[in-house]
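One file, target.pdb, is given below (PDB, C-alpha atoms).
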ATOM      1  CA  MET A   1     176.347 -64.494-129.375  1.00  0.00           C
ATOM      2  CA  THR A   2     173.381 -65.319-131.537  1.00  0.00           C
ATOM      3  CA  ASP A   3     171.797 -63.521-134.479  1.00  0.00           C
ATOM      4  CA  GLN A   4     168.400 -64.791-133.351  1.00  0.00           C
ATOM      5  CA  LYS A   5     166.095 -61.997-132.167  1.00  0.00           C
ATOM      6  CA  MET A   6     165.248 -62.370-128.480  1.00  0.00           C
ATOM      7  CA  ASN A   7     161.907 -61.566-126.849  1.00  0.00           C
ATOM      8  CA  VAL A   8     163.466 -59.156-124.338  1.00  0.00           C
ATOM      9  CA  GLU A   9     164.484 -55.835-125.915  1.00  0.00           C
ATOM     10  CA  SER A  10     167.621 -55.383-123.821  1.00  0.00           C
ATOM     11  CA  PHE A  11     168.856 -58.858-124.816  1.00  0.00           C
ATOM     12  CA  ASN A  12     169.005 -57.533-128.391  1.00  0.00           C
ATOM     13  CA  LEU A  13     171.081 -54.509-127.352  1.00  0.00           C
ATOM     14  CA  ASP A  14     174.824 -54.872-127.904  1.00  0.00           C
ATOM     15  CA  HIS A  15     176.057 -53.949-124.431  1.00  0.00           C
ATOM     16  CA  THR A  16     179.618 -53.606-125.759  1.00  0.00           C
ATOM     17  CA  LYS A  17     178.554 -50.642-127.948  1.00  0.00           C
ATOM     18  CA  VAL A  18     176.784 -48.466-125.366  1.00  0.00           C
ATOM     19  CA  LYS A  19     178.454 -45.748-123.321  1.00  0.00           C
ATOM     20  CA  ALA A  20     176.999 -45.092-119.880  1.00  0.00           C
ATOM     21  CA  PRO A  21     175.656 -42.927-118.454  1.00  0.00           C
ATOM     22  CA  TYR A  22     172.602 -42.567-120.670  1.00  0.00           C
ATOM     23  CA  ILE A  23     168.828 -42.685-120.778  1.00  0.00           C
ATOM     24  CA  ARG A  24     167.259 -44.300-123.830  1.00  0.00           C
ATOM     25  CA  LEU A  25     163.765 -45.233-124.898  1.00  0.00           C
ATOM     26  CA  ALA A  26     163.842 -49.035-124.791  1.00  0.00           C
ATOM     27  CA  ASP A  27     160.261 -49.972-125.675  1.00  0.00           C
ATOM     28  CA  ILE A  28     156.719 -48.746-126.299  1.00  0.00           C
ATOM     29  CA  LYS A  29     153.645 -50.847-125.630  1.00  0.00           C
ATOM     30  CA  THR A  30     150.117 -49.797-126.596  1.00  0.00           C
ATOM     31  CA  GLY A  31     147.148 -51.159-124.680  1.00  0.00           C
ATOM     32  CA  GLU A  32     143.748 -52.143-126.054  1.00  0.00           C
ATOM     33  CA  ASN A  33     142.303 -48.723-125.109  1.00  0.00           C
ATOM     34  CA  GLY A  34     145.165 -46.735-126.627  1.00  0.00           C
ATOM     35  CA  ASP A  35     147.203 -46.121-123.486  1.00  0.00           C
ATOM     36  CA  THR A  36     150.944 -46.271-124.109  1.00  0.00           C
ATOM     37  CA  ILE A  37     153.715 -47.415-121.808  1.00  0.00           C
ATOM     38  CA  HIS A  38     157.148 -45.974-122.587  1.00  0.00           C
ATOM     39  CA  LYS A  39     159.983 -47.943-120.989  1.00  0.00           C
ATOM     40  CA  TYR A  40     163.306 -46.154-120.514  1.00  0.00           C
ATOM     41  CA  ASP A  41     166.730 -47.673-119.874  1.00  0.00           C
ATOM     42  CA  MET A  42     168.475 -45.429-117.320  1.00  0.00           C
ATOM     43  CA  ARG A  43     172.022 -46.772-117.514  1.00  0.00           C
ATOM     44  CA  ILE A  44     174.198 -45.496-114.687  1.00  0.00           C
ATOM     45  CA  CYS A  45     177.216 -47.831-114.924  1.00  0.00           C
ATOM     46  CA  GLN A  46     179.088 -49.084-117.961  1.00  0.00           C
ATOM     47  CA  PRO A  47     177.926 -52.670-118.603  1.00  0.00           C
ATOM     48  CA  ASN A  48     180.450 -55.367-117.681  1.00  0.00           C
ATOM     49  CA  GLN A  49     182.877 -52.789-116.295  1.00  0.00           C
ATOM     50  CA  ASP A  50     181.137 -51.341-113.247  1.00  0.00           C
ATOM     51  CA  HIS A  51     178.007 -51.824-111.140  1.00  0.00           C
ATOM     52  CA  MET A  52     176.185 -50.245-108.235  1.00  0.00           C
ATOM     53  CA  GLU A  53     176.561 -51.833-104.808  1.00  0.00           C
ATOM     54  CA  MET A  54     173.270 -53.227-103.525  1.00  0.00           C
ATOM     55  CA  PRO A  55     172.668 -51.031-100.442  1.00  0.00           C
ATOM     56  CA  GLY A  56     173.055 -47.816-102.470  1.00  0.00           C
ATOM     57  CA  LEU A  57     171.114 -49.201-105.435  1.00  0.00           C
ATOM     58  CA  HIS A  58     168.322 -50.409-103.117  1.00  0.00           C
ATOM     59  CA  SER A  59     168.049 -47.035-101.388  1.00  0.00           C
ATOM     60  CA  LEU A  60     168.147 -45.193-104.716  1.00  0.00           C
ATOM     61  CA  GLU A  61     165.268 -47.391-105.902  1.00  0.00           C
ATOM     62  CA  HIS A  62     163.185 -46.470-102.823  1.00  0.00           C
ATOM     63  CA  LEU A  63     164.050 -42.776-103.138  1.00  0.00           C
ATOM     64  CA  MET A  64     163.351 -42.541-106.883  1.00  0.00           C
ATOM     65  CA  ALA A  65     160.138 -44.579-106.599  1.00  0.00           C
ATOM     66  CA  GLU A  66     158.802 -42.211-103.934  1.00  0.00           C
ATOM     67  CA  LEU A  67     160.237 -38.874-105.055  1.00  0.00           C
ATOM     68  CA  SER A  68     159.615 -39.221-108.815  1.00  0.00           C
ATOM     69  CA  ARG A  69     155.891 -39.221-108.178  1.00  0.00           C
ATOM     70  CA  ASN A  70     156.193 -35.702-106.747  1.00  0.00           C
ATOM     71  CA  HIS A  71     157.179 -34.629-110.286  1.00  0.00           C
ATOM     72  CA  SER A  72     154.737 -36.683-112.383  1.00  0.00           C
ATOM     73  CA  ASP A  73     151.647 -38.839-112.040  1.00  0.00           C
ATOM     74  CA  LYS A  74     152.724 -40.683-115.214  1.00  0.00           C
ATOM     75  CA  VAL A  75     155.359 -42.848-113.472  1.00  0.00           C
ATOM     76  CA  VAL A  76     154.228 -46.491-113.536  1.00  0.00           C
ATOM     77  CA  ASP A  77     157.363 -48.124-112.144  1.00  0.00           C
ATOM     78  CA  ILE A  78     161.056 -47.664-111.457  1.00  0.00           C
ATOM     79  CA  SER A  79     162.859 -50.996-111.285  1.00  0.00           C
ATOM     80  CA  PRO A  80     166.529 -51.845-110.801  1.00  0.00           C
ATOM     81  CA  MET A  81     168.260 -54.006-113.389  1.00  0.00           C
ATOM     82  CA  GLY A  82     169.464 -57.345-112.065  1.00  0.00           C
ATOM     83  CA  CYS A  83     172.926 -56.590-113.469  1.00  0.00           C
ATOM     84  CA  GLN A  84     173.077 -53.596-111.090  1.00  0.00           C
ATOM     85  CA  THR A  85     174.053 -51.170-113.869  1.00  0.00           C
ATOM     86  CA  GLY A  86     170.854 -49.130-114.032  1.00  0.00           C
ATOM     87  CA  PHE A  87     167.084 -48.871-113.748  1.00  0.00           C
ATOM     88  CA  TYR A  88     164.052 -49.223-115.976  1.00  0.00           C
ATOM     89  CA  ILE A  89     161.543 -46.388-115.854  1.00  0.00           C
ATOM     90  CA  ALA A  90     158.012 -47.067-117.114  1.00  0.00           C
ATOM     91  CA  MET A  91     155.745 -44.105-117.928  1.00  0.00           C
ATOM     92  CA  ILE A  92     152.104 -44.198-119.026  1.00  0.00           C
ATOM     93  CA  ASN A  93     150.849 -41.850-121.756  1.00  0.00           C
ATOM     94  CA  HIS A  94     154.041 -39.792-121.584  1.00  0.00           C
ATOM     95  CA  ASP A  95     156.146 -39.753-124.748  1.00  0.00           C
ATOM     96  CA  ASP A  96     158.210 -36.622-124.038  1.00  0.00           C
ATOM     97  CA  TYR A  97     161.848 -37.826-123.879  1.00  0.00           C
ATOM     98  CA  ASP A  98     163.201 -34.448-122.723  1.00  0.00           C
ATOM     99  CA  GLY A  99     160.453 -34.360-120.097  1.00  0.00           C
ATOM    100  CA  VAL A 100     161.636 -37.736-118.778  1.00  0.00           C
ATOM    101  CA  LEU A 101     165.196 -36.397-118.545  1.00  0.00           C
ATOM    102  CA  ASP A 102     163.901 -33.371-116.608  1.00  0.00           C
ATOM    103  CA  LEU A 103     161.806 -35.623-114.348  1.00  0.00           C
ATOM    104  CA  LEU A 104     164.827 -37.783-113.526  1.00  0.00           C
ATOM    105  CA  GLU A 105     167.079 -34.765-113.014  1.00  0.00           C
ATOM    106  CA  GLY A 106     164.578 -33.266-110.560  1.00  0.00           C
ATOM    107  CA  THR A 107     164.122 -36.603-108.802  1.00  0.00           C
ATOM    108  CA  LEU A 108     167.869 -37.121-108.407  1.00  0.00           C
ATOM    109  CA  LYS A 109     168.287 -33.578-107.065  1.00  0.00           C
ATOM    110  CA  ASP A 110     165.621 -34.477-104.493  1.00  0.00           C
ATOM    111  CA  VAL A 111     167.633 -37.603-103.629  1.00  0.00           C
ATOM    112  CA  LEU A 112     170.611 -35.366-102.809  1.00  0.00           C
ATOM    113  CA  GLU A 113     168.424 -33.374-100.388  1.00  0.00           C
ATOM    114  CA  ALA A 114     166.919 -36.442 -98.680  1.00  0.00           C
ATOM    115  CA  THR A 115     167.661 -37.049 -95.016  1.00  0.00           C
ATOM    116  CA  GLU A 116     166.291 -40.598 -94.904  1.00  0.00           C
ATOM    117  CA  VAL A 117     165.337 -43.505 -97.171  1.00  0.00           C
ATOM    118  CA  PRO A 118     161.555 -43.892 -97.435  1.00  0.00           C
ATOM    119  CA  ALA A 119     160.007 -47.207 -96.370  1.00  0.00           C
ATOM    120  CA  CYS A 120     163.351 -48.408 -95.008  1.00  0.00           C
ATOM    121  CA  ASN A 121     161.929 -50.688 -92.324  1.00  0.00           C
ATOM    122  CA  GLU A 122     160.878 -54.310 -91.939  1.00  0.00           C
ATOM    123  CA  MET A 123     157.182 -53.531 -92.279  1.00  0.00           C
ATOM    124  CA  GLN A 124     157.542 -51.766 -95.674  1.00  0.00           C
ATOM    125  CA  CYS A 125     160.628 -53.384 -97.205  1.00  0.00           C
ATOM    126  CA  GLY A 126     161.650 -56.948 -97.945  1.00  0.00           C
ATOM    127  CA  TRP A 127     165.334 -56.429 -97.042  1.00  0.00           C
ATOM    128  CA  ALA A 128     165.368 -53.405 -94.751  1.00  0.00           C
ATOM    129  CA  ALA A 129     168.902 -54.098 -93.499  1.00  0.00           C
ATOM    130  CA  SER A 130     170.316 -53.473 -96.997  1.00  0.00           C
ATOM    131  CA  HIS A 131     170.151 -49.692 -97.409  1.00  0.00           C
ATOM    132  CA  SER A 132     172.571 -46.788 -97.719  1.00  0.00           C
ATOM    133  CA  LEU A 133     171.356 -43.208 -98.073  1.00  0.00           C
ATOM    134  CA  GLU A 134     174.960 -42.093 -98.592  1.00  0.00           C
ATOM    135  CA  GLY A 135     175.438 -44.742-101.290  1.00  0.00           C
ATOM    136  CA  ALA A 136     172.265 -43.648-103.079  1.00  0.00           C
ATOM    137  CA  GLN A 137     173.335 -40.019-102.941  1.00  0.00           C
ATOM    138  CA  GLU A 138     176.790 -40.872-104.282  1.00  0.00           C
ATOM    139  CA  ILE A 139     175.225 -42.685-107.262  1.00  0.00           C
ATOM    140  CA  ALA A 140     172.799 -39.806-107.873  1.00  0.00           C
ATOM    141  CA  ARG A 141     175.584 -37.208-107.635  1.00  0.00           C
ATOM    142  CA  GLY A 142     177.728 -39.068-110.169  1.00  0.00           C
ATOM    143  CA  PHE A 143     174.847 -39.501-112.620  1.00  0.00           C
ATOM    144  CA  LEU A 144     173.786 -35.845-112.310  1.00  0.00           C
ATOM    145  CA  ALA A 145     177.365 -34.704-112.918  1.00  0.00           C
ATOM    146  CA  LYS A 146     177.114 -36.208-116.413  1.00  0.00           C
ATOM    147  CA  ARG A 147     173.667 -34.770-117.215  1.00  0.00           C
ATOM    148  CA  ASP A 148     174.878 -33.476-120.603  1.00  0.00           C
ATOM    149  CA  GLU A 149     175.684 -37.077-121.681  1.00  0.00           C
ATOM    150  CA  TRP A 150     172.316 -38.668-120.885  1.00  0.00           C
ATOM    151  CA  ASN A 151     171.054 -38.538-124.475  1.00  0.00           C
ATOM    152  CA  GLN A 152     174.228 -40.111-125.956  1.00  0.00           C
ATOM    153  CA  VAL A 153     173.705 -43.875-125.887  1.00  0.00           C
ATOM    154  CA  PHE A 154     176.503 -45.177-128.091  1.00  0.00           C
ATOM    155  CA  ALA A 155     180.235 -44.533-127.925  1.00  0.00           C
TER     156      ALA A 155
END
Now that the file is in, can you turn its structure into structure tokens?
Amino acid sequence: MTDQKMNVESFNLDHTKVKAPYIRLADIKTGENGDTIHKYDMRICQPNQDHMEMPGLHSLEHLMAELSRNHSDKVVDISPMGCQTGFYIAMINHDDYDGVLDLLEGTLKDVLEATEVPACNEMQCGWAASHSLEGAQEIARGFLAKRDEWNQVFA
């Protein structure tokens, strides 16, 4: 491990000190015209101890990307982490942390009610064979069950 500051915010986070599940504000960027992007770290699995399986993670990404926009027009992007332990949520001109928690809670409740994965076909998805609605719902159910812990980042 190095003491040198890295360019990527999450590379400067000591992953041995966090306690998933949590949602934390990871970064804020301000554009030339004053718009702000708030990037949130939605950590579902404990780093280096657990991870989401790809079909469930992939389906959860599709479901959250589609369903979150029913709750807010401020969602810019929802992206899975390559380490398969969580997602990044980018919001424009939305700095209400509790509002983000409510948005994600509502979105995940919608995931539990879903009967299919949106855009789960070869025309709309780059790996349509790798999906699991049940896997996505299992992840969502587990994360929702610990809703009262989402604002506690460190052990």
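Proximity ranking of A:Leu13, A:Leu101, A:Met91, A:Met52 relative to Asp148 in chain A places A:Leu101 first, based on only C-alpha atoms.
Restricting the calculation to only C-alpha atoms, the smallest distance between Ile44 in chain A and any of A:Ala145, A:Leu112, A:Leu25, A:Leu63 is found for A:Ala145.
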Problem set entry | Residues in the PyMOL selection byres ((chain A and resi 75) around 8), expressed as a ChimeraX atom specification | /A:68-69,72-74,76-78,89-92
Exercise. What does the PyMOL selection byres ((chain A and resi 21) around 6) select in this file, as a PyMOL selection string?
Worked result: chain A and resi 20+22+43-44+150
For this session: Please provide as a ChimeraX atom specification all residues within 9 Å of Met54 in chain A, with the sequence filter that same-chain residues fewer than 3 positions apart are discarded (counting all atoms listed in the file).
Result: /A:57-59,84,130-132
For this session: Measuring atom to atom with only C-alpha atoms, identify which of A:Ala65, A:Ala26, A:Asp96, A:Asp50 is nearest to Ala119 in chain A.
Result: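 Closest to Ala119 in chain A, using only C-alpha atoms: A:Ala65.
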Seminar exercise, completed: What separates CA of Ala140 in chain A and CA of Met42 in chain A is a distance of 11.8 Å
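Nearest to Glu134 in chain A of all the residues A:Arg24, A:Glu113, A:Glu9, A:Cys83 is A:Glu113, based on all atoms listed in the file.
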For this session: State, in Å with one decimal place, the distance from CA of Leu133 in chain A to CA of Leu108 in chain A.
Result: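 Between CA of Leu133 in chain A and CA of Leu108 in chain A the gap works out to 12.5 Å.
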Please write out, as JSON, where the centre of an axis-aligned box around all listed atoms of range 8-24 of chain A lies and how long its edges are, in Å to one decimal, after adding 6 Å on each side.
{"center_x": 171.5, "center_y": -50.9, "center_z": -123.4, "size_x": 28.2, "size_y": 28.6, "size_z": 21.9}
Exercise. Pick the closest to Ser79 in chain A from A:Glu116, A:Asp3, A:Asp41, A:Asp98: which is it, counting only C-alpha atoms?
Worked result: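 Checking each of A:Glu116, A:Asp3, A:Asp41, A:Asp98 against Ser79 in chain A, counting only C-alpha atoms, the winner is A:Asp41.
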For this session: Convert the output of the PyMOL selection byres ((chain A and resi 16) around 10) on the shown file into explicit residues, formatted as a PyMOL selection string.
Result: chain A and resi 13-15+17-19+46-48+154-155
Problem set entry | Nearest-residue call for Lys29 in chain A, choices A:Asn151, A:Asn93, A:Thr115, A:Asn121, using all atoms listed in the file | A:Asn93
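Put simply, CA of Thr30 in chain A is 25.1 Å away from CA of Asn70 in chain A.
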Problem set entry | Close residues, Thr107 in chain A itself excluded, 8 Å, only C-alpha atoms, min 6 positions apart in chain, as a list in words |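 The residues satisfying every condition are Met64, Leu67, Ser68 and His71 of chain A.
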